[in-house]
Amino acid sequence: MRRLLPDTFTILLVCSVALASLLPASGSFADYFGIATSFAIGLLFFLHGARLSTDVVIAGILHWRLHLVILLTTFGVFPLLGMALGLIPDSVLPQPLYLGVLFLCVLPSTVQSSIAFTSMAGGNVPAAICSASASNIFGMLLTPLLVGLLFSVGGHGGFSWNVLQNILLQLLAPFVIGQILQPWIGKWIRSKKKILAPVDRGSILMVVYLAFSQAVVEGLWQLYSLRDIAIVVGLDMLLLAFVLTFAMRGSRVMGFSKPDQITITFCGSKKSLASGVPMAGVIFAGQSIGAIVLPLMLFHQIQLMVCAVIAQKYAASAATA
């Protein structure tokens with residue numbers, strides 16, 4: 001039952017939204033806070049690069065078939081579902097919220113929770129580590145490209161190549177630097193997980209506060225009703241249910257072993273809040289992104305609760321086998 005309750009990070013996210021709703025950042029404070037947030041995001045991706053062992057990447061490449069299925073699910077099946085949801089009329093799902101759902105669909109997988117649930121369920125943990133990490137590395141290129149393609153096809157504007165350049169400079173460059181320095185500092189950083197955890201979560205909380213501050217100033221809560229948010233929750237649940245079913249049954253039909261099926265299920269069905277919120281800030285720079293990240297924040301908690309139940313069922317089934 002405890003796994004169904006919101007985790008500490010989700011509670012902090014809600015508090016950040018509440019704080020932005022009551023005391024939104026504005027004026028010069030918002031400008032300086034934005035600079036600090038950009039620095040924190042760069043540090044976040046530097047730490048991601050420094051933590052990831054090169055040996056894990058090399059070993060994981062050998063299981064290319066599993067990784068290909070996960071990447072196709074993450075960057076193929078999800079975006080197709082997002083495009084299909086575009087058929088919903090604006091009177092049911094307001095366009096800014098739909099764009100948030102579409103953005104959710106082109107994001108990479110999570111790292112920490114994918115690995116944790118795979119381990120809990122008895123899946124292939126080394127493959128999960130490699131696949132989730134690869135998803136985030138490829139996502140720094142694929143996500144902005146898919147945003148440009150799908151948003152422009154849908155008549156929603158897309159983005160210029162300057163956005164991809166900003167992604168490379170603000171997110172990929174710190175990651176690459178961290179990966180280069182990994183042989184010297186990687187072991188130390190991995191051993192200081194508790195000390196450095198606030199950087200991970202703090203940077204996301206800063207982006208969420210800044211994003212919702214701007215959205216609140218522009219009237220976010222006056223534009224969208226509880227009905228609109230309930231529809232987004234329903235669509236998030238529908239997306240997750242479809243992809244989970246696709247991953248479970250598809251991996252079984254393709255003949256993967258049980259541990260690999262578990263890995264595909266958990267790595268292929270996740271969407272990363274840690275990568276998605278900073279990417280939204282870069283891709284949609286200068287725009288209000290409150291409505292863009294709202295579906296992702298809701299999906300984050302839904303996937304944690306649902307996957308916790310599934311992981312427990314897998315573990316119980318293995319224990320009785």
# chains A, B, ... in the order shown; residues from 1 in each chain; ligands from 1
>>> residues_around(residues="Gly82 in chain A", least_positions_apart="2", cutoff="10 Å", atoms="only C-alpha atoms", output="VMD selection string")
chain A and resid 77 to 80 84 to 87 98 to 106 150 235 239
>>> residues_around(residues="Val233 in chain A", least_positions_apart="6", cutoff="12 Å", atoms="only C-alpha atoms", output="PDB file with N, CA, C and O atoms, in the first residue's frame")
ATOM      1  N   LEU A  93     -10.133  18.570 -25.247  1.00  0.00           N
ATOM      2  CA  LEU A  93      -8.766  18.694 -24.746  1.00  0.00           C
ATOM      3  C   LEU A  93      -8.150  19.961 -25.321  1.00  0.00           C
ATOM      4  O   LEU A  93      -7.803  20.001 -26.502  1.00  0.00           O
ATOM      5  N   LEU A  97      -2.732  21.819 -23.610  1.00  0.00           N
ATOM      6  CA  LEU A  97      -2.603  20.583 -22.839  1.00  0.00           C
ATOM      7  C   LEU A  97      -2.327  19.399 -23.758  1.00  0.00           C
ATOM      8  O   LEU A  97      -1.573  18.482 -23.392  1.00  0.00           O
ATOM      9  N   TYR A  98      -2.924  19.411 -24.954  1.00  0.00           N
ATOM     10  CA  TYR A  98      -2.612  18.343 -25.911  1.00  0.00           C
ATOM     11  C   TYR A  98      -1.141  18.388 -26.291  1.00  0.00           C
ATOM     12  O   TYR A  98      -0.482  17.342 -26.416  1.00  0.00           O
ATOM     13  N   GLY A 100       1.218  19.334 -24.445  1.00  0.00           N
ATOM     14  CA  GLY A 100       1.919  18.750 -23.309  1.00  0.00           C
ATOM     15  C   GLY A 100       1.907  17.240 -23.366  1.00  0.00           C
ATOM     16  O   GLY A 100       2.921  16.580 -23.071  1.00  0.00           O
ATOM     17  N   VAL A 101       0.767  16.649 -23.739  1.00  0.00           N
ATOM     18  CA  VAL A 101       0.671  15.193 -23.888  1.00  0.00           C
ATOM     19  C   VAL A 101       1.571  14.725 -25.028  1.00  0.00           C
ATOM     20  O   VAL A 101       2.275  13.706 -24.919  1.00  0.00           O
ATOM     21  N   LEU A 226     -10.814  21.866 -13.565  1.00  0.00           N
ATOM     22  CA  LEU A 226     -10.574  20.531 -13.019  1.00  0.00           C
ATOM     23  C   LEU A 226     -10.969  19.463 -14.048  1.00  0.00           C
ATOM     24  O   LEU A 226     -10.351  18.392 -14.100  1.00  0.00           O
ATOM     25  N   ARG A 227     -11.968  19.765 -14.846  1.00  0.00           N
ATOM     26  CA  ARG A 227     -12.379  18.831 -15.909  1.00  0.00           C
ATOM     27  C   ARG A 227     -11.246  18.625 -16.908  1.00  0.00           C
ATOM     28  O   ARG A 227     -10.969  17.485 -17.334  1.00  0.00           O
ATOM     29  N   LEU A 239      -2.581   6.040 -22.152  1.00  0.00           N
ATOM     30  CA  LEU A 239      -1.284   5.869 -22.801  1.00  0.00           C
ATOM     31  C   LEU A 239      -0.451   4.798 -22.097  1.00  0.00           C
ATOM     32  O   LEU A 239       0.109   3.899 -22.740  1.00  0.00           O
ATOM     33  N   LEU A 240      -0.378   4.900 -20.773  1.00  0.00           N
ATOM     34  CA  LEU A 240       0.432   3.960 -20.012  1.00  0.00           C
ATOM     35  C   LEU A 240      -0.106   2.537 -20.152  1.00  0.00           C
ATOM     36  O   LEU A 240       0.663   1.582 -20.333  1.00  0.00           O
ATOM     37  N   LEU A 294       2.673  19.952 -17.366  1.00  0.00           N
ATOM     38  CA  LEU A 294       1.627  19.435 -16.474  1.00  0.00           C
ATOM     39  C   LEU A 294       1.278  17.975 -16.782  1.00  0.00           C
ATOM     40  O   LEU A 294       1.226  17.151 -15.854  1.00  0.00           O
ATOM     41  N   PRO A 295       1.025  17.581 -18.048  1.00  0.00           N
ATOM     42  CA  PRO A 295       0.745  16.161 -18.312  1.00  0.00           C
ATOM     43  C   PRO A 295       1.888  15.235 -17.905  1.00  0.00           C
ATOM     44  O   PRO A 295       1.659  14.114 -17.445  1.00  0.00           O
ATOM     45  N   LEU A 296       3.127  15.707 -18.054  1.00  0.00           N
ATOM     46  CA  LEU A 296       4.284  14.907 -17.673  1.00  0.00           C
ATOM     47  C   LEU A 296       4.339  14.703 -16.164  1.00  0.00           C
ATOM     48  O   LEU A 296       4.632  13.596 -15.682  1.00  0.00           O
ATOM     49  N   MET A 297       4.061  15.759 -15.398  1.00  0.00           N
ATOM     50  CA  MET A 297       4.078  15.640 -13.944  1.00  0.00           C
ATOM     51  C   MET A 297       3.016  14.651 -13.453  1.00  0.00           C
ATOM     52  O   MET A 297       3.253  13.865 -12.538  1.00  0.00           O
ATOM     53  N   LEU A 298       1.847  14.689 -14.087  1.00  0.00           N
ATOM     54  CA  LEU A 298       0.792  13.746 -13.713  1.00  0.00           C
ATOM     55  C   LEU A 298       1.173  12.322 -14.117  1.00  0.00           C
ATOM     56  O   LEU A 298       0.960  11.369 -13.354  1.00  0.00           O
ATOM     57  N   PHE A 299       1.752  12.167 -15.314  1.00  0.00           N
ATOM     58  CA  PHE A 299       2.164  10.847 -15.791  1.00  0.00           C
ATOM     59  C   PHE A 299       3.229  10.253 -14.870  1.00  0.00           C
ATOM     60  O   PHE A 299       3.251   9.032 -14.645  1.00  0.00           O
ATOM     61  N   HIS A 300       4.092  11.106 -14.346  1.00  0.00           N
ATOM     62  CA  HIS A 300       5.171  10.661 -13.463  1.00  0.00           C
ATOM     63  C   HIS A 300       4.618   9.870 -12.280  1.00  0.00           C
ATOM     64  O   HIS A 300       5.083   8.756 -11.992  1.00  0.00           O
ATOM     65  N   GLN A 301       3.623  10.413 -11.594  1.00  0.00           N
ATOM     66  CA  GLN A 301       3.084   9.730 -10.437  1.00  0.00           C
ATOM     67  C   GLN A 301       2.274   8.504 -10.843  1.00  0.00           C
ATOM     68  O   GLN A 301       2.324   7.465 -10.164  1.00  0.00           O
ATOM     69  N   ILE A 302       1.531   8.595 -11.940  1.00  0.00           N
ATOM     70  CA  ILE A 302       0.730   7.450 -12.389  1.00  0.00           C
ATOM     71  C   ILE A 302       1.628   6.260 -12.716  1.00  0.00           C
ATOM     72  O   ILE A 302       1.350   5.124 -12.320  1.00  0.00           O
ATOM     73  N   GLN A 303       2.735   6.507 -13.432  1.00  0.00           N
ATOM     74  CA  GLN A 303       3.612   5.404 -13.805  1.00  0.00           C
ATOM     75  C   GLN A 303       4.274   4.779 -12.581  1.00  0.00           C
ATOM     76  O   GLN A 303       4.474   3.552 -12.539  1.00  0.00           O
TER      77      GLN A 303
END
>>> closest_atom_pairs(of="range 39-133 of chain A", to="range 268-285 of chain A", cutoff="9 Å", atoms="only C-alpha atoms", output="Markdown table")
| residue | atom | partner | partner_atom | distance |
| --- | --- | --- | --- | --- |
| A:Ile41 | CA | A:Pro278 | CA | 6.6 |
| A:Phe45 | CA | A:Ser275 | CA | 8.8 |
| A:Val69 | CA | A:Gly268 | CA | 8.0 |
| A:Ile70 | CA | A:Gly268 | CA | 4.8 |
| A:Leu71 | CA | A:Gly268 | CA | 7.2 |
| A:Leu72 | CA | A:Gly268 | CA | 8.4 |
| A:Thr73 | CA | A:Gly268 | CA | 5.7 |
| A:Thr74 | CA | A:Gly268 | CA | 5.6 |
| A:Phe78 | CA | A:Ser269 | CA | 8.7 |
| A:Phe103 | CA | A:Ala280 | CA | 8.3 |
| A:Leu104 | CA | A:Lys271 | CA | 7.0 |
| A:Cys105 | CA | A:Lys271 | CA | 7.7 |
| A:Val106 | CA | A:Lys271 | CA | 8.6 |
| A:Leu107 | CA | A:Lys271 | CA | 6.0 |
| A:Pro108 | CA | A:Lys271 | CA | 5.8 |
| A:Ser109 | CA | A:Lys271 | CA | 4.5 |
| A:Thr110 | CA | A:Ser272 | CA | 4.2 |
| A:Val111 | CA | A:Ser272 | CA | 7.6 |
| A:Ser113 | CA | A:Lys270 | CA | 8.4 |
| A:Ser114 | CA | A:Lys270 | CA | 7.1 |
| A:Ala132 | CA | A:Gly268 | CA | 8.7 |
>>> residues_around(residues="Ala315 in chain A", least_positions_apart="6", cutoff="9 Å", atoms="only C-alpha atoms", output="NGL selection string")
:A and (120-122)
>>> write_last_selection(atoms="N, CA, C and O atoms", output="PDB file, in the first residue's frame")
ATOM      1  N   MET A 120      13.302  -5.063  -8.799  1.00  0.00           N
ATOM      2  CA  MET A 120      12.275  -5.563  -7.897  1.00  0.00           C
ATOM      3  C   MET A 120      11.525  -6.746  -8.504  1.00  0.00           C
ATOM      4  O   MET A 120      11.167  -7.705  -7.813  1.00  0.00           O
ATOM      5  N   ALA A 121      11.298  -6.693  -9.823  1.00  0.00           N
ATOM      6  CA  ALA A 121      10.503  -7.714 -10.503  1.00  0.00           C
ATOM      7  C   ALA A 121      11.332  -8.922 -10.941  1.00  0.00           C
ATOM      8  O   ALA A 121      10.772  -9.903 -11.431  1.00  0.00           O
ATOM      9  N   GLY A 122      12.650  -8.846 -10.781  1.00  0.00           N
ATOM     10  CA  GLY A 122      13.501  -9.959 -11.181  1.00  0.00           C
ATOM     11  C   GLY A 122      13.892  -9.927 -12.645  1.00  0.00           C
ATOM     12  O   GLY A 122      14.097 -10.975 -13.263  1.00  0.00           O
TER      13      GLY A 122
END
>>> residues_around(residues="Gln287 in chain A", least_positions_apart="6", cutoff="12 Å", atoms="only C-alpha atoms", output="ChimeraX atom specification")
/A:96,159,210-212,214-215,218,280-281
>>> write_last_selection(atoms="all heavy atoms", output="PDB file, in the first residue's frame")
ATOM      1  N   PRO A  96      -3.109  23.606 -25.767  1.00  0.00           N
ATOM      2  CA  PRO A  96      -1.861  23.632 -24.992  1.00  0.00           C
ATOM      3  C   PRO A  96      -1.645  22.375 -24.158  1.00  0.00           C
ATOM      4  O   PRO A  96      -0.519  21.902 -24.019  1.00  0.00           O
ATOM      5  CB  PRO A  96      -2.037  24.873 -24.097  1.00  0.00           C
ATOM      6  CG  PRO A  96      -2.976  25.748 -24.858  1.00  0.00           C
ATOM      7  CD  PRO A  96      -3.930  24.812 -25.515  1.00  0.00           C
ATOM      8  N   PHE A 159      10.122  24.049 -34.021  1.00  0.00           N
ATOM      9  CA  PHE A 159      11.184  24.874 -33.473  1.00  0.00           C
ATOM     10  C   PHE A 159      12.269  25.036 -34.534  1.00  0.00           C
ATOM     11  O   PHE A 159      12.290  24.333 -35.535  1.00  0.00           O
ATOM     12  CB  PHE A 159      11.767  24.242 -32.207  1.00  0.00           C
ATOM     13  CG  PHE A 159      12.617  23.033 -32.471  1.00  0.00           C
ATOM     14  CD1 PHE A 159      13.999  23.113 -32.393  1.00  0.00           C
ATOM     15  CD2 PHE A 159      12.027  21.835 -32.828  1.00  0.00           C
ATOM     16  CE1 PHE A 159      14.779  21.994 -32.655  1.00  0.00           C
ATOM     17  CE2 PHE A 159      12.803  20.715 -33.085  1.00  0.00           C
ATOM     18  CZ  PHE A 159      14.179  20.793 -32.995  1.00  0.00           C
ATOM     19  N   LEU A 210       9.810  27.719 -11.717  1.00  0.00           N
ATOM     20  CA  LEU A 210       9.944  28.806 -12.687  1.00  0.00           C
ATOM     21  C   LEU A 210       8.890  28.686 -13.787  1.00  0.00           C
ATOM     22  O   LEU A 210       8.273  29.691 -14.183  1.00  0.00           O
ATOM     23  CB  LEU A 210      11.352  28.780 -13.288  1.00  0.00           C
ATOM     24  CG  LEU A 210      11.766  29.986 -14.137  1.00  0.00           C
ATOM     25  CD1 LEU A 210      11.795  31.255 -13.288  1.00  0.00           C
ATOM     26  CD2 LEU A 210      13.132  29.740 -14.770  1.00  0.00           C
ATOM     27  N   ALA A 211       8.674  27.451 -14.270  1.00  0.00           N
ATOM     28  CA  ALA A 211       7.707  27.243 -15.350  1.00  0.00           C
ATOM     29  C   ALA A 211       6.299  27.604 -14.904  1.00  0.00           C
ATOM     30  O   ALA A 211       5.553  28.296 -15.619  1.00  0.00           O
ATOM     31  CB  ALA A 211       7.756  25.788 -15.820  1.00  0.00           C
ATOM     32  N   PHE A 212       5.923  27.147 -13.724  1.00  0.00           N
ATOM     33  CA  PHE A 212       4.570  27.412 -13.266  1.00  0.00           C
ATOM     34  C   PHE A 212       4.403  28.853 -12.798  1.00  0.00           C
ATOM     35  O   PHE A 212       3.293  29.394 -12.849  1.00  0.00           O
ATOM     36  CB  PHE A 212       4.175  26.420 -12.169  1.00  0.00           C
ATOM     37  CG  PHE A 212       3.631  25.134 -12.718  1.00  0.00           C
ATOM     38  CD1 PHE A 212       4.477  24.095 -13.032  1.00  0.00           C
ATOM     39  CD2 PHE A 212       2.277  24.977 -12.947  1.00  0.00           C
ATOM     40  CE1 PHE A 212       3.994  22.909 -13.563  1.00  0.00           C
ATOM     41  CE2 PHE A 212       1.771  23.808 -13.474  1.00  0.00           C
ATOM     42  CZ  PHE A 212       2.634  22.767 -13.787  1.00  0.00           C
ATOM     43  N   GLN A 214       5.677  31.442 -14.359  1.00  0.00           N
ATOM     44  CA  GLN A 214       5.360  32.155 -15.598  1.00  0.00           C
ATOM     45  C   GLN A 214       3.938  31.841 -16.052  1.00  0.00           C
ATOM     46  O   GLN A 214       3.201  32.720 -16.497  1.00  0.00           O
ATOM     47  CB  GLN A 214       6.353  31.763 -16.689  1.00  0.00           C
ATOM     48  CG  GLN A 214       6.144  32.517 -18.011  1.00  0.00           C
ATOM     49  CD  GLN A 214       7.175  32.137 -19.063  1.00  0.00           C
ATOM     50  OE1 GLN A 214       8.074  31.353 -18.809  1.00  0.00           O
ATOM     51  NE2 GLN A 214       7.035  32.697 -20.254  1.00  0.00           N
ATOM     52  N   ALA A 215       3.560  30.558 -15.921  1.00  0.00           N
ATOM     53  CA  ALA A 215       2.218  30.159 -16.348  1.00  0.00           C
ATOM     54  C   ALA A 215       1.138  30.793 -15.477  1.00  0.00           C
ATOM     55  O   ALA A 215       0.082  31.201 -15.974  1.00  0.00           O
ATOM     56  CB  ALA A 215       2.092  28.634 -16.312  1.00  0.00           C
ATOM     57  N   GLU A 218       0.509  34.274 -16.330  1.00  0.00           N
ATOM     58  CA  GLU A 218      -0.255  34.372 -17.571  1.00  0.00           C
ATOM     59  C   GLU A 218      -1.662  33.787 -17.450  1.00  0.00           C
ATOM     60  O   GLU A 218      -2.389  33.705 -18.427  1.00  0.00           O
ATOM     61  CB  GLU A 218       0.507  33.667 -18.698  1.00  0.00           C
ATOM     62  CG  GLU A 218       1.845  34.335 -19.016  1.00  0.00           C
ATOM     63  CD  GLU A 218       2.613  33.603 -20.097  1.00  0.00           C
ATOM     64  OE1 GLU A 218       2.097  32.582 -20.599  1.00  0.00           O
ATOM     65  OE2 GLU A 218       3.726  34.045 -20.432  1.00  0.00           O
ATOM     66  N   ALA A 280      12.033  20.765 -21.806  1.00  0.00           N
ATOM     67  CA  ALA A 280      10.928  21.682 -22.115  1.00  0.00           C
ATOM     68  C   ALA A 280      11.385  23.126 -21.965  1.00  0.00           C
ATOM     69  O   ALA A 280      11.034  23.995 -22.780  1.00  0.00           O
ATOM     70  CB  ALA A 280       9.738  21.399 -21.200  1.00  0.00           C
ATOM     71  N   GLY A 281      12.171  23.393 -20.911  1.00  0.00           N
ATOM     72  CA  GLY A 281      12.654  24.741 -20.689  1.00  0.00           C
ATOM     73  C   GLY A 281      13.541  25.244 -21.811  1.00  0.00           C
ATOM     74  O   GLY A 281      13.546  26.434 -22.137  1.00  0.00           O
TER      75      GLY A 281
END
>>> residues_around(residues="Leu52 in chain A", least_positions_apart="3", cutoff="9 Å", atoms="only C-alpha atoms", output="list in words")
Leu47, His48, Gly49, Asp55, Val56, Val57, Ser133, Gly178, Gln179, Gln182, Gly186 and Arg190 of chain A
>>> write_last_selection(atoms="all heavy atoms", output="compact mmCIF listing (two decimals), in the first residue's frame")
# COMPACT_ATOMS: atom_id res chain seq x y z
N LEU A 47 26.48 15.52 -13.99
CA LEU A 47 26.50 14.41 -13.04
C LEU A 47 25.98 13.13 -13.67
O LEU A 47 26.49 12.04 -13.39
CB LEU A 47 25.68 14.76 -11.80
CG LEU A 47 26.25 15.88 -10.92
CD1 LEU A 47 25.29 16.21 -9.79
CD2 LEU A 47 27.61 15.47 -10.36
N HIS A 48 24.97 13.25 -14.54
CA HIS A 48 24.48 12.07 -15.26
C HIS A 48 25.61 11.44 -16.08
O HIS A 48 25.78 10.21 -16.09
CB HIS A 48 23.33 12.44 -16.19
CG HIS A 48 22.00 12.56 -15.50
ND1 HIS A 48 21.60 11.71 -14.50
CD2 HIS A 48 20.98 13.42 -15.66
CE1 HIS A 48 20.40 12.05 -14.07
NE2 HIS A 48 20.00 13.10 -14.77
N GLY A 49 26.37 12.28 -16.77
CA GLY A 49 27.47 11.77 -17.58
C GLY A 49 28.57 11.17 -16.75
O GLY A 49 29.15 10.14 -17.10
N ASP A 55 31.89 1.06 -19.17
CA ASP A 55 31.81 -0.40 -19.27
C ASP A 55 30.36 -0.86 -19.41
O ASP A 55 30.07 -1.83 -20.11
CB ASP A 55 32.43 -1.06 -18.04
CG ASP A 55 33.93 -0.82 -17.95
OD1 ASP A 55 34.54 -0.55 -19.02
OD2 ASP A 55 34.49 -0.89 -16.85
N VAL A 56 29.45 -0.17 -18.71
CA VAL A 56 28.03 -0.52 -18.79
C VAL A 56 27.51 -0.32 -20.21
O VAL A 56 26.76 -1.13 -20.74
CB VAL A 56 27.21 0.31 -17.78
CG1 VAL A 56 25.71 0.12 -18.01
CG2 VAL A 56 27.56 -0.07 -16.36
N VAL A 57 27.93 0.78 -20.82
CA VAL A 57 27.49 1.08 -22.19
C VAL A 57 27.99 0.01 -23.15
O VAL A 57 27.24 -0.52 -23.98
CB VAL A 57 27.98 2.47 -22.63
CG1 VAL A 57 27.60 2.74 -24.07
CG2 VAL A 57 27.42 3.54 -21.72
N SER A 133 19.82 4.30 -19.82
CA SER A 133 20.84 5.32 -20.04
C SER A 133 20.92 5.71 -21.51
O SER A 133 21.01 6.90 -21.85
CB SER A 133 22.21 4.81 -19.55
OG SER A 133 22.16 4.47 -18.18
N GLY A 178 31.07 15.26 -18.47
CA GLY A 178 30.99 14.33 -17.34
C GLY A 178 31.44 12.94 -17.72
O GLY A 178 32.15 12.27 -16.96
N GLN A 179 31.08 12.49 -18.93
CA GLN A 179 31.48 11.16 -19.40
C GLN A 179 32.99 11.09 -19.61
O GLN A 179 33.63 10.08 -19.31
CB GLN A 179 30.74 10.82 -20.68
CG GLN A 179 31.01 9.46 -21.25
CD GLN A 179 30.56 8.30 -20.38
OE1 GLN A 179 30.95 7.17 -20.63
NE2 GLN A 179 29.76 8.54 -19.36
N GLN A 182 34.55 10.77 -16.29
CA GLN A 182 34.02 9.64 -15.53
C GLN A 182 35.10 8.69 -14.98
O GLN A 182 35.00 8.27 -13.83
CB GLN A 182 33.01 8.87 -16.40
CG GLN A 182 32.26 7.78 -15.67
CD GLN A 182 33.01 6.47 -15.64
OE1 GLN A 182 32.97 5.75 -14.66
NE2 GLN A 182 33.75 6.18 -16.71
N GLY A 186 33.97 9.32 -11.56
CA GLY A 186 32.73 8.56 -11.57
C GLY A 186 32.50 7.76 -10.30
O GLY A 186 31.40 7.77 -9.73
N ARG A 190 29.37 8.29 -7.70
CA ARG A 190 28.42 7.21 -7.41
C ARG A 190 28.37 6.88 -5.93
O ARG A 190 27.34 6.47 -5.41
CB ARG A 190 28.78 5.97 -8.24
CG ARG A 190 28.47 6.10 -9.71
CD ARG A 190 28.62 4.77 -10.44
NE ARG A 190 30.01 4.33 -10.51
CZ ARG A 190 30.85 4.66 -11.49
NH1 ARG A 190 30.44 5.44 -12.48
NH2 ARG A 190 32.08 4.21 -11.49
>>> select_by_dssp(residues="range 187-296 of chain A", states="alpha helix (DSSP H)", output="PyMOL selection string")
chain A and resi 187-191+193-217+220-223+226-253+258-269+273-283+290-296
>>> closest_residue(among="A:Ile231, A:Ala40, A:Ile35, A:Leu68", to="Asp90 in chain A", atoms="only C-alpha atoms")
A:Ile231
>>> atom_distance(atom1="CA of Ser225 in chain A", atom2="CA of Val306 in chain A")
25.4 Å
>>> decode(residues="range 267-274 of chain A", atoms="all heavy atoms", output="compact mmCIF listing (two decimals), in the first residue's frame")
# COMPACT_ATOMS: atom_id res chain seq x y z
N CYS A 267 11.29 -0.44 -18.91
CA CYS A 267 12.08 0.61 -19.58
C CYS A 267 11.31 1.23 -20.74
O CYS A 267 11.47 2.41 -21.02
CB CYS A 267 13.40 0.03 -20.08
SG CYS A 267 14.54 -0.46 -18.77
N GLY A 268 10.46 0.43 -21.41
CA GLY A 268 9.75 0.94 -22.56
C GLY A 268 8.53 1.78 -22.24
O GLY A 268 8.07 2.56 -23.07
N SER A 269 8.00 1.62 -21.02
CA SER A 269 6.74 2.30 -20.68
C SER A 269 6.94 3.61 -19.92
O SER A 269 5.99 4.34 -19.68
CB SER A 269 5.87 1.38 -19.82
OG SER A 269 6.51 1.07 -18.59
N LYS A 270 8.18 3.92 -19.53
CA LYS A 270 8.43 5.09 -18.69
C LYS A 270 8.69 6.34 -19.51
O LYS A 270 9.12 6.28 -20.66
CB LYS A 270 9.66 4.85 -17.81
CG LYS A 270 9.52 3.72 -16.82
CD LYS A 270 8.59 4.11 -15.68
CE LYS A 270 8.71 3.10 -14.56
NZ LYS A 270 8.53 1.72 -15.02
N LYS A 271 8.44 7.48 -18.89
CA LYS A 271 8.81 8.77 -19.44
C LYS A 271 9.49 9.59 -18.35
O LYS A 271 9.02 9.65 -17.22
CB LYS A 271 7.58 9.51 -19.98
CG LYS A 271 7.03 8.90 -21.26
CD LYS A 271 8.02 8.99 -22.41
CE LYS A 271 7.50 8.35 -23.68
NZ LYS A 271 8.45 8.46 -24.80
N SER A 272 10.60 10.21 -18.71
CA SER A 272 11.47 10.83 -17.71
C SER A 272 11.09 12.27 -17.38
O SER A 272 11.13 13.16 -18.24
CB SER A 272 12.93 10.81 -18.21
OG SER A 272 13.78 11.49 -17.31
N LEU A 273 10.72 12.47 -16.12
CA LEU A 273 10.48 13.82 -15.63
C LEU A 273 11.80 14.57 -15.49
O LEU A 273 11.88 15.76 -15.80
CB LEU A 273 9.76 13.75 -14.28
CG LEU A 273 9.37 15.08 -13.64
CD1 LEU A 273 8.18 15.69 -14.38
CD2 LEU A 273 9.01 14.88 -12.16
N ALA A 274 12.84 13.85 -15.05
CA ALA A 274 14.14 14.48 -14.82
C ALA A 274 14.74 15.05 -16.10
O ALA A 274 15.40 16.09 -16.08
CB ALA A 274 15.10 13.46 -14.20
